[in-house]
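To be precise, the following lines are data.txt, and they hold compact mmCIF, C-alpha atoms and all ligand atoms.
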# COMPACT_ATOMS: atom_id res chain seq x y z
CA MET D 47 19.89 24.25 9.39
CA LEU D 48 16.94 24.56 11.74
CA GLU D 49 16.12 27.97 10.38
CA LEU D 50 15.68 26.31 7.00
CA ALA D 51 12.72 24.47 8.45
CA LEU D 52 10.98 27.76 9.06
CA GLU D 53 11.84 29.25 5.69
CA GLU D 54 10.68 26.01 4.12
CA LEU D 55 7.03 26.33 5.16
CA PRO D 56 5.97 29.22 2.92
CA ARG D 57 8.13 27.82 0.12
CA VAL D 58 6.45 24.42 0.19
CA GLY D 59 3.19 26.23 -0.36
CA VAL D 60 1.60 26.28 3.10
CA PRO D 61 -0.73 29.28 3.13
CA GLU D 62 0.28 32.00 5.67
CA GLY D 63 -2.74 31.38 7.89
CA ARG D 64 -1.83 27.71 8.36
CA ILE D 65 1.64 28.38 9.77
CA THR D 66 0.84 28.02 13.47
CA PRO D 67 3.48 27.84 16.27
CA GLU D 68 2.67 24.10 16.62
CA LEU D 69 3.35 23.52 12.93
CA VAL D 70 6.64 25.41 13.19
CA GLN D 71 7.67 23.36 16.24
CA GLU D 72 6.62 20.11 14.56
CA THR D 73 8.61 21.00 11.43
CA ARG D 74 11.70 21.88 13.49
CA ALA D 75 11.58 18.57 15.35
CA ALA D 76 11.06 16.64 12.13
CA TYR D 77 14.04 18.42 10.56
CA GLN D 78 16.24 17.54 13.49
CA ARG D 79 15.26 13.89 13.22
CA GLN D 80 15.95 13.96 9.49
CA VAL D 81 19.38 15.52 9.88
CA THR D 82 20.38 12.92 12.48
CA ALA D 83 19.12 10.08 10.30
CA ALA D 84 20.89 11.49 7.21
CA CYS D 85 24.19 11.76 9.13
CA LEU D 86 23.90 8.18 10.35
CA ARG D 87 23.08 6.97 6.85
CA ALA D 88 26.01 8.90 5.35
CA ILE D 89 28.43 7.46 7.91
CA GLY D 90 27.15 3.95 7.11
CA THR D 91 27.39 4.47 3.36
CA VAL D 92 30.88 5.94 3.34
CA GLY D 93 32.12 3.29 5.77
CA ALA D 94 30.73 0.50 3.62
CA LYS D 95 31.63 1.97 0.23
CA PRO D 96 33.43 -0.82 -1.59
CA PRO D 97 36.22 -0.47 -4.12
CA HIS D 98 35.39 -1.54 -7.67
CA PRO D 99 36.86 -4.88 -8.62
CA LEU D 100 40.01 -3.84 -10.41
CA LYS D 101 40.57 -6.05 -13.37
CA GLU D 102 36.89 -6.56 -14.08
CA ASP D 103 35.74 -2.99 -13.88
CA LYS D 104 35.66 -3.09 -17.61
CA LYS D 105 32.85 -1.82 -19.72
CA GLU D 106 32.55 -5.00 -21.74
CA ASN D 107 31.99 -7.49 -18.92
CA PHE D 108 29.82 -5.06 -17.07
CA LEU D 109 27.58 -4.75 -20.13
CA LEU D 110 27.52 -8.53 -20.52
CA LEU D 111 26.31 -8.86 -16.95
CA VAL D 112 23.62 -6.21 -17.49
CA LYS D 113 22.45 -8.07 -20.63
CA LYS D 114 22.41 -11.37 -18.77
CA ILE D 115 20.18 -9.91 -16.04
CA LEU D 116 17.83 -8.61 -18.73
CA LYS D 117 17.74 -11.99 -20.49
CA ASP D 118 17.36 -14.13 -17.36
CA ARG D 119 15.16 -11.92 -15.23
CA ASN D 120 13.73 -9.38 -17.63
CA LEU D 121 15.07 -6.48 -15.55
CA ASP D 122 16.48 -3.78 -17.79
CA LEU D 123 19.36 -2.04 -16.04
CA ARG D 124 20.84 -0.60 -19.23
CA HIS D 125 19.76 2.92 -18.38
CA TYR D 126 20.51 2.83 -14.68
CA HIS D 127 23.36 5.04 -13.47
CA THR D 128 26.48 3.02 -14.21
CA GLU D 129 28.48 4.13 -11.18
CA LEU D 130 25.65 3.41 -8.79
CA LEU D 131 25.16 -0.04 -10.35
CA LYS D 132 28.85 -0.84 -10.16
CA ARG D 133 29.03 0.13 -6.51
CA ARG D 134 26.06 -2.11 -5.68
CA LEU D 135 27.46 -5.00 -7.76
CA ALA D 136 30.78 -4.64 -5.99
CA LEU D 137 28.99 -5.36 -2.70
CA ARG D 138 27.82 -8.71 -4.10
CA LEU D 139 31.29 -9.51 -5.47
CA ILE D 140 32.74 -8.92 -2.03
CA ALA D 141 30.02 -10.96 -0.33
CA THR D 142 30.49 -13.90 -2.72
CA LYS D 143 34.30 -13.54 -2.57
CA LEU D 144 34.50 -13.33 -6.37
CA ASP D 145 36.89 -11.09 -8.26
CA SER D 146 35.22 -10.52 -11.57
CA TYR D 147 31.90 -9.93 -13.31
CA LEU D 148 32.54 -13.07 -15.40
CA GLU D 149 32.84 -15.24 -12.31
CA TYR D 150 29.77 -13.57 -10.92
CA MET D 151 27.80 -14.44 -14.07
CA ARG D 152 28.79 -18.08 -13.58
CA ARG D 153 27.64 -17.87 -9.97
CA LEU D 154 24.25 -16.55 -11.08
CA ASP D 155 23.89 -19.60 -13.35
CA LYS D 156 24.89 -22.04 -10.64
CA ASP D 157 22.96 -20.42 -7.82
CA PRO D 158 19.81 -18.62 -9.06
CA LYS D 159 19.03 -17.59 -5.46
CA GLU D 160 21.95 -15.20 -5.84
CA TYR D 161 19.59 -13.16 -8.06
CA ASP D 162 17.40 -12.50 -5.02
CA ARG D 163 20.40 -11.32 -3.03
CA LEU D 164 21.57 -9.19 -5.95
CA PHE D 165 18.17 -7.53 -6.34
CA ALA D 166 17.98 -6.87 -2.61
CA THR D 167 21.35 -5.10 -2.92
CA LEU D 168 20.39 -3.17 -6.06
CA CYS D 169 17.11 -1.95 -4.68
CA ILE D 170 18.03 0.56 -2.03
CA ASN D 171 14.68 0.31 -0.37
CA VAL D 172 15.17 2.74 2.48
CA SER D 173 11.96 4.56 3.31
CA GLU D 174 9.91 5.76 6.24
CA PHE D 175 6.41 6.99 6.98
CA PHE D 176 5.96 10.64 5.97
CA ARG D 177 9.52 10.82 4.65
CA ASP D 178 10.65 14.47 4.24
CA PRO D 179 8.06 15.92 6.63
CA PRO D 180 8.09 19.51 5.26
CA VAL D 181 7.18 18.10 1.83
CA TRP D 182 4.35 16.14 3.44
CA VAL D 183 2.86 19.40 4.71
CA THR D 184 2.33 20.35 1.07
CA LEU D 185 1.42 16.83 -0.01
CA ARG D 186 -1.25 16.66 2.64
CA TYR D 187 -2.65 19.97 1.45
CA LEU D 188 -2.56 18.78 -2.17
CA LEU D 189 -4.30 15.51 -1.40
CA GLU D 190 -6.98 17.23 0.68
CA THR D 191 -7.59 19.64 -2.20
CA VAL D 192 -7.83 16.81 -4.73
CA ILE D 193 -10.27 14.97 -2.46
CA GLN D 194 -12.43 18.08 -1.99
CA LYS D 195 -12.60 18.50 -5.77
CA LYS D 196 -13.54 14.85 -6.25
CA LEU D 197 -16.27 15.09 -3.65
CA SER D 198 -17.99 17.76 -5.69
CA SER D 199 -17.51 15.99 -9.03
CA PRO D 200 -19.47 13.05 -10.48
CA ASP D 201 -16.26 10.92 -10.59
CA ARG D 202 -16.45 8.55 -7.62
CA ARG D 203 -12.91 7.18 -7.86
CA LEU D 204 -9.65 8.55 -6.49
CA ARG D 205 -6.66 6.58 -7.77
CA ILE D 206 -3.13 7.20 -6.53
CA TRP D 207 0.03 5.43 -7.67
CA SER D 208 3.07 5.10 -5.42
CA ALA D 209 5.71 4.03 -7.97
CA GLY D 210 8.82 2.50 -6.39
CA CYS D 211 7.06 2.01 -3.07
CA ALA D 212 9.87 0.09 -1.27
CA CYS D 213 8.30 -1.52 1.81
CA GLY D 214 5.06 0.46 1.55
CA GLU D 215 5.62 3.31 4.01
CA GLU D 216 4.83 6.00 1.40
CA ALA D 217 1.67 4.23 0.21
CA TYR D 218 0.37 3.78 3.75
CA SER D 219 1.20 7.43 4.54
CA LEU D 220 -0.96 8.45 1.56
CA ALA D 221 -3.77 6.18 2.75
CA ILE D 222 -3.60 7.72 6.23
CA VAL D 223 -3.87 11.26 4.83
CA ALA D 224 -6.77 10.26 2.56
CA ARG D 225 -8.55 8.50 5.42
CA GLU D 226 -8.08 11.50 7.70
CA ALA D 227 -9.48 13.82 5.04
CA THR D 228 -12.63 11.74 4.65
CA ARG D 229 -13.29 9.98 7.94
CA ARG D 230 -15.65 12.61 9.35
CA ILE D 231 -17.81 12.96 6.26
CA ALA D 232 -20.34 10.68 4.66
CA HIS D 233 -19.16 10.01 1.12
CA ASN D 234 -19.06 7.26 -1.46
CA LEU D 235 -15.65 8.02 -2.86
CA GLU D 236 -13.67 4.90 -3.67
CA ILE D 237 -10.06 5.62 -2.70
CA LYS D 238 -7.37 3.25 -3.91
CA ILE D 239 -3.60 3.51 -3.64
CA PHE D 240 -1.68 1.33 -6.08
CA ALA D 241 1.82 0.71 -4.81
CA THR D 242 4.38 -0.95 -7.06
CA ASP D 243 8.02 -1.99 -6.94
CA ILE D 244 10.40 -4.56 -8.43
CA ASP D 245 11.70 -5.78 -5.09
CA ARG D 246 9.64 -8.88 -4.35
CA GLU D 247 10.93 -9.23 -0.80
CA CYS D 248 9.81 -5.67 -0.13
CA LEU D 249 6.40 -6.39 -1.64
CA LYS D 250 5.96 -9.29 0.80
CA GLN D 251 6.90 -6.95 3.61
CA CYS D 252 4.30 -4.45 2.37
CA GLU D 253 1.51 -7.02 2.75
CA ILE D 254 2.60 -7.90 6.28
CA ALA D 255 2.65 -4.16 7.11
CA ARG D 256 4.80 -4.59 10.23
CA TYR D 257 7.63 -2.08 10.77
CA PRO D 258 10.22 -1.18 13.38
CA LYS D 259 8.97 1.42 15.85
CA ALA D 260 11.53 3.96 14.58
CA SER D 261 9.89 4.06 11.14
CA ILE D 262 6.91 6.02 12.51
CA ALA D 263 9.09 8.76 14.06
CA ASN D 264 7.52 11.32 11.68
CA VAL D 265 3.92 10.26 12.33
CA ASP D 266 1.93 12.65 14.53
CA GLN D 267 1.02 11.06 17.85
CA PRO D 268 -2.78 10.96 17.32
CA LEU D 269 -2.33 9.38 13.86
CA ALA D 270 0.17 6.86 15.23
CA GLU D 271 -2.34 5.86 17.87
CA ARG D 272 -5.26 5.70 15.47
CA TYR D 273 -3.65 3.82 12.58
CA PHE D 274 -0.96 1.57 14.11
CA SER D 275 -1.15 -1.23 16.62
CA ARG D 276 1.98 -1.79 18.71
CA ASP D 277 3.85 -4.60 20.30
CA ARG D 278 7.28 -4.48 21.94
CA ASP D 279 9.54 -3.40 19.07
CA THR D 280 7.24 -3.14 16.10
CA VAL D 281 4.15 -1.36 14.85
CA THR D 282 1.56 -2.77 12.44
CA VAL D 283 -0.67 -0.76 10.12
CA GLU D 284 -4.36 -1.11 10.98
CA PRO D 285 -6.57 -3.08 8.55
CA GLU D 286 -8.74 -0.04 7.63
CA ILE D 287 -5.59 1.56 6.10
CA ARG D 288 -4.23 -1.68 4.64
CA ARG D 289 -7.47 -2.25 2.76
CA MET D 290 -6.94 1.02 0.88
CA VAL D 291 -3.63 -0.09 -0.65
CA GLU D 292 -2.99 -2.65 -3.38
CA PHE D 293 0.60 -3.80 -3.90
CA SER D 294 1.99 -5.33 -7.06
CA TYR D 295 5.17 -5.95 -9.02
CA LEU D 296 5.67 -3.34 -11.73
CA ASP D 297 8.96 -2.54 -13.43
CA LEU D 298 9.05 1.15 -14.34
CA THR D 299 11.40 0.40 -17.23
CA SER D 300 8.73 -1.81 -18.84
CA THR D 301 5.66 -0.58 -20.70
CA ASP D 302 3.34 -1.48 -17.80
CA LEU D 303 1.51 1.26 -15.96
CA ILE D 304 -1.42 1.95 -13.63
CA ARG D 305 -4.25 3.58 -15.53
CA GLU D 306 -6.44 6.62 -14.86
CA THR D 307 -4.64 8.00 -11.84
CA ASP D 308 -5.21 11.35 -10.14
CA LEU D 309 -1.81 11.48 -8.48
CA VAL D 310 1.48 9.66 -9.06
CA LEU D 311 4.29 9.71 -6.53
CA CYS D 312 7.69 8.53 -7.67
CA ARG D 313 10.04 9.74 -4.97
CA ASN D 314 13.68 8.80 -4.57
CA VAL D 315 13.54 6.34 -7.46
CA PHE D 316 14.96 8.51 -10.26
CA ILE D 317 18.39 8.32 -8.61
CA TYR D 318 18.73 4.95 -10.34
CA PHE D 319 17.94 6.12 -13.86
CA ASP D 320 19.74 8.10 -16.53
CA HIS D 321 18.11 11.14 -18.15
CA ASN D 322 16.55 9.29 -21.07
CA LEU D 323 14.91 6.72 -18.88
CA GLN D 324 13.63 9.45 -16.54
CA LYS D 325 12.06 11.15 -19.57
CA GLU D 326 10.41 7.91 -20.69
CA ILE D 327 9.04 7.21 -17.25
CA LEU D 328 7.65 10.74 -16.99
CA SER D 329 5.85 10.18 -20.30
CA LYS D 330 4.48 6.95 -18.88
CA PHE D 331 3.17 8.84 -15.82
CA CYS D 332 1.60 11.35 -18.18
CA ALA D 333 -0.23 8.50 -19.91
CA SER D 334 -1.30 7.19 -16.52
CA LEU D 335 -2.61 10.52 -15.17
CA LEU D 336 -6.09 11.85 -15.81
CA PRO D 337 -6.16 15.39 -17.26
CA GLY D 338 -4.92 17.85 -14.62
CA GLY D 339 -3.47 15.03 -12.48
CA PHE D 340 -0.34 15.53 -10.38
CA ALA D 341 3.11 13.94 -10.39
CA VAL D 342 5.45 14.18 -7.41
CA LEU D 343 9.19 13.48 -7.47
CA GLY D 344 11.70 13.16 -4.63
CA LYS D 345 13.08 16.21 -2.86
CA THR D 346 16.45 15.97 -4.63
CA GLU D 347 15.06 15.02 -8.04
CA LEU D 348 14.45 17.48 -10.84
CA LEU D 349 12.05 17.30 -13.74
CA PRO D 350 14.26 16.88 -16.85
CA THR D 351 13.93 19.99 -19.06
CA ALA D 352 12.71 17.82 -21.93
CA SER D 353 9.69 16.79 -19.85
CA SER D 354 8.58 20.34 -19.08
CA CYS D 355 6.35 20.26 -22.18
CA LEU D 356 4.29 17.58 -20.41
CA TYR D 357 3.97 19.16 -16.98
CA ASP D 358 3.52 22.55 -15.32
CA GLU D 359 5.49 23.10 -12.16
CA ILE D 360 3.14 23.59 -9.20
CA ASP D 361 5.65 23.64 -6.38
CA GLY D 362 9.31 23.43 -7.36
CA ASN D 363 10.50 22.90 -3.83
CA ALA D 364 8.16 20.03 -3.05
CA ARG D 365 8.68 18.74 -6.64
CA ILE D 366 4.98 18.77 -7.51
CA TYR D 367 3.99 18.96 -11.19
CA ARG D 368 0.63 19.00 -12.99
CA LYS D 369 -0.06 17.24 -16.25
CA LYS D 370 -0.64 19.84 -18.97
C1 LIG G 1 14.75 4.57 -2.08
S1 LIG G 1 13.33 3.61 -2.44
C2 LIG G 1 12.07 4.86 -2.47
C3 LIG G 1 10.88 4.50 -1.63
C4 LIG G 1 9.83 5.62 -1.49
N1 LIG G 1 9.34 6.04 -2.78
C5 LIG G 1 10.39 6.79 -0.72
O1 LIG G 1 10.63 7.84 -1.29
O2 LIG G 1 10.61 6.63 0.48
C6 LIG G 1 13.55 3.25 -4.16
C7 LIG G 1 12.71 2.08 -4.65
O3 LIG G 1 12.72 2.09 -6.09
C8 LIG G 1 12.61 0.75 -6.52
N2 LIG G 1 13.00 0.60 -7.92
C9 LIG G 1 14.24 0.63 -8.46
N3 LIG G 1 14.18 0.39 -9.79
C10 LIG G 1 12.86 0.21 -10.08
C11 LIG G 1 12.15 -0.10 -11.28
N4 LIG G 1 12.78 -0.27 -12.43
N5 LIG G 1 10.81 -0.22 -11.22
C12 LIG G 1 10.15 -0.04 -10.03
N6 LIG G 1 10.76 0.24 -8.87
C13 LIG G 1 12.11 0.35 -8.89
C14 LIG G 1 13.54 0.02 -5.52
O4 LIG G 1 13.24 -1.36 -5.49
C15 LIG G 1 13.27 0.74 -4.21
O5 LIG G 1 12.30 0.06 -3.45

Kindly transcribe the structure held in the file into structure tokens.
Amino acid sequence: MLELALEELPRVGVPEGRITPELVQETRAAYQRQVTAACLRAIGTVGAKPPHPLKEDKKENFLLLVKKILKDRNLDLRHYHTELLKRRLALRLIATKLDSYLEYMRRLDKDPKEYDRLFATLCINVSEFFRDPPVWVTLRYLLETVIQKKLSSPDRRLRIWSAGCACGEEAYSLAIVAREATRRIAHNLEIKIFATDIDRECLKQCEIARYPKASIANVDQPLAERYFSRDRDTVTVEPEIRRMVEFSYLDLTSTDLIRETDLVLCRNVFIYFDHNLQKEILSKFCASLLPGGFAVLGKTELLPTASSCLYDEIDGNARIYRKK
């Protein structure tokens, strides 16, 4: 497994000359941390995996519930992966000690706060700063290149969209890289990261910008010291980075989008969606991106074949694509 970390570097597009012993060591350590975290997560998930409610695991009532959520809360789950949805719903059925989707619909009517708990369960908002470190080696390089290009163009705006931002770790990681790339030069580039999600609790968390210490495990020491303040168990993102990010509610299944972006990251969000919805969202990103802009998906997510007419693959391993 560790050897993969080494093979990974050239494949994620790091030029030969940039593969220093320090980078190799850093990548190895990051991989080890990732493997440990993935094992712990897997153990937790398998241990907590609930059975589907027997009599109510019926298509009809499930679809009724999905329609109700759309009608009441305008969240369209019709093209989410059914099995994933059912597993998450089962967690709420167990927690509310209800046996069926019908009873659960009644509960939603009686206790609208249950919607908040349901959404918190549906939105698997696990994230961390510089998640998938080997991919960030390439992302950093990409962002630096985009910034260099902007600096020599008349366009004074760099706009990045972190779509499905969870609690903001990805957006702040982008801001840190952008700040690092520009902090030693005089420039008048206006850098803005738009970070969006449908989880309102997460969005509140994003604004507070306080995280458990463990969430910065992948952040290089000098960056951690420069851009985070610490108290006993938590770290808080420094205001100069927070000012670069704007958080808002945006449902990717709606027609809303962020306009005129140079780079869109939508990582580890497509797991929720079926192929058709993924295709639609990729068209939306295409409409959002400026000509030649980049889209980045999660490490385990593939560009649907039908969307390859919209994008050229830049780095298949890091899942980086350029708008045609
Ligand atoms: C696993 S997190 C990914 C966070 C981050 N992008 C990363 O890779 O670490 C997935 C996020 O997608 C969000 N999400 C799910 N459905 C969505 C939708 N329809 N529109 C916007 N965000 C959505 C969830 O709320 C959750 O915060």

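As for CA of Thr242 in chain D and CA of Asn314 in chain D, they are spaced 13.7 Å apart.
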
Neighbours of range 198-201 of chain D within 12 Å (all atoms listed in the file; same-chain residues fewer than 2 positions away dropped), as number ranges by chain? D: 191-196, 203-205, 233-237, 306, 308, 336

Can you pull out every residue within 10 Å of range 350-352 of chain D, counting all atoms listed in the file, but drop anything in the same chain fewer than 6 positions away, and send it as a ChimeraX atom specification? /D:321-322,324-325,328

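In this structure, CA of Lys250 in chain D sits 19.8 Å away from CA of Cys312 in chain D.
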
What's the 8 Å shell around range 121-123 of chain D, counting only C-alpha atoms, without same-chain residues fewer than 4 positions away, as a ChimeraX atom specification? /D:112-113,115-117,297,299
